[in-house]
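K.L.:
Dropping in upload_29.tsv, which is TSV, C-alpha atoms:
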chain	number	residue	atom	x	y	z
A	1	MET	CA	33.26	-46.02	39.68
A	2	LYS	CA	34.32	-43.83	42.56
A	3	PRO	CA	32.24	-40.78	43.43
A	4	ALA	CA	35.17	-38.41	42.81
A	5	ALA	CA	35.79	-39.86	39.35
A	6	ALA	CA	32.08	-39.73	38.55
A	7	ALA	CA	31.92	-36.06	39.58
A	8	LEU	CA	34.98	-35.31	37.45
A	9	VAL	CA	33.47	-37.04	34.41
A	10	LEU	CA	30.11	-35.38	34.94
A	11	GLY	CA	31.84	-31.99	35.26
A	12	ILE	CA	34.13	-32.31	32.24
A	13	VAL	CA	31.69	-33.85	29.74
A	14	PRO	CA	29.30	-30.85	29.80
A	15	ILE	CA	32.20	-28.47	29.25
A	16	PHE	CA	33.21	-30.32	26.06
A	17	ALA	CA	29.60	-30.56	24.95
A	18	LEU	CA	29.21	-26.81	25.44
A	19	GLY	CA	32.23	-26.17	23.23
A	20	ILE	CA	30.80	-28.37	20.50
A	21	ALA	CA	27.37	-26.81	20.78
A	22	HIS	CA	28.80	-23.32	20.23
A	23	ALA	CA	31.00	-24.34	17.30
A	24	ASP	CA	30.10	-23.08	13.87
A	25	ILE	CA	28.53	-25.59	11.54
A	26	TYR	CA	29.11	-25.18	7.81
A	27	GLN	CA	26.89	-26.39	4.98
A	28	TRP	CA	27.84	-26.52	1.29
A	29	LYS	CA	27.48	-28.59	-1.85
A	30	ASP	CA	30.49	-30.59	-2.99
A	31	ALA	CA	31.65	-31.10	-6.59
A	32	SER	CA	29.20	-33.97	-7.14
A	33	GLY	CA	26.24	-31.87	-5.91
A	34	HIS	CA	25.83	-33.56	-2.51
A	35	THR	CA	25.09	-31.38	0.51
A	36	VAL	CA	27.90	-31.54	3.08
A	37	VAL	CA	27.51	-30.45	6.71
A	38	SER	CA	30.67	-30.11	8.81
A	39	ASP	CA	32.15	-28.23	11.76
A	40	THR	CA	35.11	-27.13	9.61
A	41	PRO	CA	34.78	-25.01	6.48
A	42	PRO	CA	35.68	-26.62	3.16
A	43	ALA	CA	39.18	-26.09	1.79
A	44	GLY	CA	39.24	-23.28	-0.76
A	45	SER	CA	35.73	-22.08	0.11
A	46	ALA	CA	36.23	-18.75	-1.68
A	47	GLY	CA	34.63	-20.03	-4.89
A	48	LYS	CA	31.80	-21.93	-3.24
A	49	GLU	CA	28.71	-20.83	-1.42
A	50	VAL	CA	29.11	-21.79	2.21
A	51	LYS	CA	26.32	-21.32	4.73
A	52	VAL	CA	27.27	-20.97	8.39
A	53	ILE	CA	24.63	-22.60	10.61
A	54	GLY	CA	24.21	-22.28	14.37
A	55	LYS	CA	24.83	-18.56	14.92
A	56	GLN	CA	22.31	-15.89	15.87
A	57	GLN	CA	22.47	-14.42	12.37
A	58	PRO	CA	23.55	-16.86	9.65
A	59	VAL	CA	26.19	-15.55	7.25
A	60	VAL	CA	26.22	-16.53	3.60
A	61	LYS	CA	29.65	-16.48	1.98
A	62	GLY	CA	29.93	-16.41	-1.78
A	63	GLU	CA	31.94	-14.99	-4.67
A	64	ALA	CA	29.60	-12.21	-5.69
A	65	THR	CA	28.07	-11.34	-2.34
A	66	GLY	CA	31.03	-11.40	0.03
A	67	GLU	CA	29.79	-11.66	3.61
A	68	LYS	CA	26.39	-10.31	4.56
A	69	PRO	CA	24.26	-11.12	7.58
A	70	ALA	CA	20.88	-12.64	6.87
A	71	GLU	CA	17.83	-10.66	7.98
A	72	ALA	CA	16.79	-11.58	11.49
A	73	PRO	CA	13.27	-12.99	11.86
A	74	LYS	CA	10.71	-10.37	12.81
A	75	SER	CA	9.17	-10.40	16.24
A	76	LEU	CA	5.45	-10.74	16.80
A	77	ALA	CA	5.21	-7.06	17.74
A	78	GLU	CA	6.94	-6.02	14.50
A	79	LYS	CA	4.67	-8.26	12.43
A	80	ASP	CA	1.61	-6.84	14.22
A	81	LEU	CA	2.81	-3.28	13.61
A	82	GLU	CA	3.34	-4.00	9.90
A	83	PHE	CA	-0.11	-5.63	9.68
A	84	LYS	CA	-1.78	-2.60	11.29
A	85	LYS	CA	0.16	-0.29	8.98
A	86	ARG	CA	-1.04	-2.25	5.92
A	87	GLN	CA	-4.62	-2.15	7.24
A	88	GLN	CA	-4.44	1.64	7.73
A	89	GLU	CA	-2.98	2.12	4.25
A	90	ALA	CA	-5.79	-0.01	2.78
A	91	ARG	CA	-8.42	2.03	4.66
A	92	ASP	CA	-6.83	5.30	3.50
A	93	LYS	CA	-6.74	4.06	-0.09
A	94	ALA	CA	-10.39	2.95	0.06
A	95	ASP	CA	-11.44	6.31	1.56
A	96	LYS	CA	-9.54	8.19	-1.12
A	97	GLU	CA	-11.11	6.10	-3.88
A	98	ALA	CA	-14.59	6.59	-2.38
A	99	LYS	CA	-14.09	10.37	-2.26
A	100	GLU	CA	-12.84	10.40	-5.84
A	101	GLN	CA	-15.83	8.33	-7.01
A	102	LYS	CA	-18.26	10.62	-5.16
A	103	ALA	CA	-16.60	13.72	-6.64
A	104	GLU	CA	-16.80	12.19	-10.13
A	105	ALA	CA	-20.47	11.27	-9.64
A	106	ASP	CA	-21.25	14.80	-8.40
A	107	ARG	CA	-19.40	16.31	-11.36
A	108	LYS	CA	-21.37	14.16	-13.83
A	109	GLU	CA	-24.68	15.00	-12.14
A	110	ASN	CA	-23.94	18.74	-12.21
A	111	CYS	CA	-22.92	18.48	-15.84
A	112	GLU	CA	-26.13	16.68	-16.80
A	113	ARG	CA	-28.21	19.17	-14.83
A	114	ALA	CA	-26.51	22.11	-16.61
A	115	LYS	CA	-27.14	20.47	-20.00
A	116	ARG	CA	-30.83	19.97	-19.18
A	117	ASN	CA	-31.16	23.58	-17.99
A	118	LEU	CA	-29.46	24.86	-21.15
A	119	ALA	CA	-31.82	22.75	-23.27
A	120	ALA	CA	-34.78	24.21	-21.39
A	121	ILE	CA	-33.50	27.78	-21.86
A	122	GLU	CA	-32.90	27.21	-25.60
A	123	SER	CA	-36.23	25.41	-26.15
A	124	GLY	CA	-38.20	28.64	-26.47
A	125	TYR	CA	-40.68	27.65	-23.79
A	126	ARG	CA	-41.37	30.02	-20.94
A	127	VAL	CA	-38.78	29.68	-18.20
A	128	ALA	CA	-39.33	31.16	-14.79
A	129	GLU	CA	-37.74	31.35	-11.39
A	130	PHE	CA	-39.06	32.29	-8.00
A	131	ASP	CA	-37.99	35.55	-6.38
A	132	ASP	CA	-37.43	36.28	-2.66
A	133	LYS	CA	-41.16	36.72	-2.06
A	134	GLY	CA	-41.93	33.33	-3.60
A	135	GLU	CA	-43.53	34.86	-6.67
A	136	ARG	CA	-42.92	33.39	-10.09
A	137	LYS	CA	-40.86	35.58	-12.41
A	138	VAL	CA	-40.71	34.68	-16.13
A	139	PHE	CA	-37.41	35.27	-17.96
A	140	ASP	CA	-37.33	37.88	-20.68
A	141	GLU	CA	-35.05	37.46	-23.74
A	142	GLU	CA	-32.06	39.18	-22.07
A	143	GLN	CA	-32.27	36.98	-18.96
A	144	ARG	CA	-32.69	33.89	-21.17
A	145	LYS	CA	-29.51	34.84	-23.11
A	146	GLN	CA	-27.52	35.49	-19.89
A	147	GLU	CA	-28.59	32.18	-18.33
A	148	GLY	CA	-27.80	30.33	-21.58
A	149	ASP	CA	-24.32	31.88	-21.68
A	150	ARG	CA	-23.76	31.00	-18.02
A	151	TYR	CA	-24.76	27.34	-18.60
A	152	ARG	CA	-22.60	27.08	-21.74
A	153	GLU	CA	-19.58	28.41	-19.81
A	154	PHE	CA	-20.20	25.96	-16.96
A	155	ILE	CA	-20.56	23.06	-19.41
A	156	ALA	CA	-17.35	24.05	-21.22
A	157	GLN	CA	-15.39	24.12	-17.97
A	158	SER	CA	-16.94	21.19	-16.10
A	159	CYS	CA	-18.08	18.66	-18.70
A	160	LYS	CA	-14.83	17.40	-20.17
Can I see the file as structure tokens?
P.N.:
Amino acid sequence: MKPAAAALVLGIVPIFALGIAHADIYQWKDASGHTVVSDTPPAGSAGKEVKVIGKQQPVVKGEATGEKPAEAPKSLAEKDLEFKKRQQEARDKADKEAKEQKAEADRKENCERAKRNLAAIESGYRVAEFDDKGERKVFDEEQRKQEGDRYREFIAQSCK
């Protein structure tokens, strides 16, 4: 083969190959259920699902859907961002649940403490508190009644 002819063949063949490589490739199932792959769409493809292969974003053609581009694959940065977002949401949820559990535990403890104090006030035993000087001051009947009413009100509001 002459060098000029070889150069011509080597120059033309890649051009044809490029055209074929950029052609659309169609995939569908025929009437017997076999998958068919071709560079030309099937005749009367309006009633069939035809998948176009070889483009940046594949297009699915069908009766009900019309034409819609498929979702492009996510980049590594987008996946990482979504992962970090899910982690942050999980941490926020765990923090919120921990705060709610602590608040519930505190509420129960305060409720039990108020019930014990009310029982002590109603028991008839001497109840005392310490004043500012650190001296013990025993409740009289009026103070006992006021403290009992205060505990009952707290229990009614907080212990539900």
K.L.:
Any idea what's packed within 12 Å of Tyr125 in chain A, counting only C-alpha atoms, ignoring anything in its chain fewer than 2 positions away? Could you give it as a PyMOL selection string?
P.N.:
chain A and resi 117-123+127-128+138-141+144
K.L.:
CA of Lys74 in chain A and CA of Tyr26 in chain A, how far apart in Å?
P.N.:
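Rounded to one decimal, the two atoms are 24.1 Å apart.
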K.L.:
Rank nothing, just name the residue among A:Ser158, A:Asp24, A:Lys51, A:Pro41 nearest to Glu109 in chain A, using all atoms listed in the file.
P.N.:
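Under the stated criterion, the closest residue is A:Ser158.
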K.L.:
What is the CA of Arg150 in chain A-CA of Arg107 in chain A distance in Å, reported with one decimal?
P.N.:
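According to the coordinates, CA of Arg150 in chain A and CA of Arg107 in chain A are separated by 16.7 Å.
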K.L.:
How many Å separate CA of Gln101 in chain A from CA of Tyr151 in chain A?
P.N.:
24.0 Å
K.L.:
Which residue gives the smallest distance to Ile53 in chain A among A:Asp39, A:Ile25, A:Arg86, A:Ser75, with only C-alpha atoms counted?
P.N.:
A:Ile25
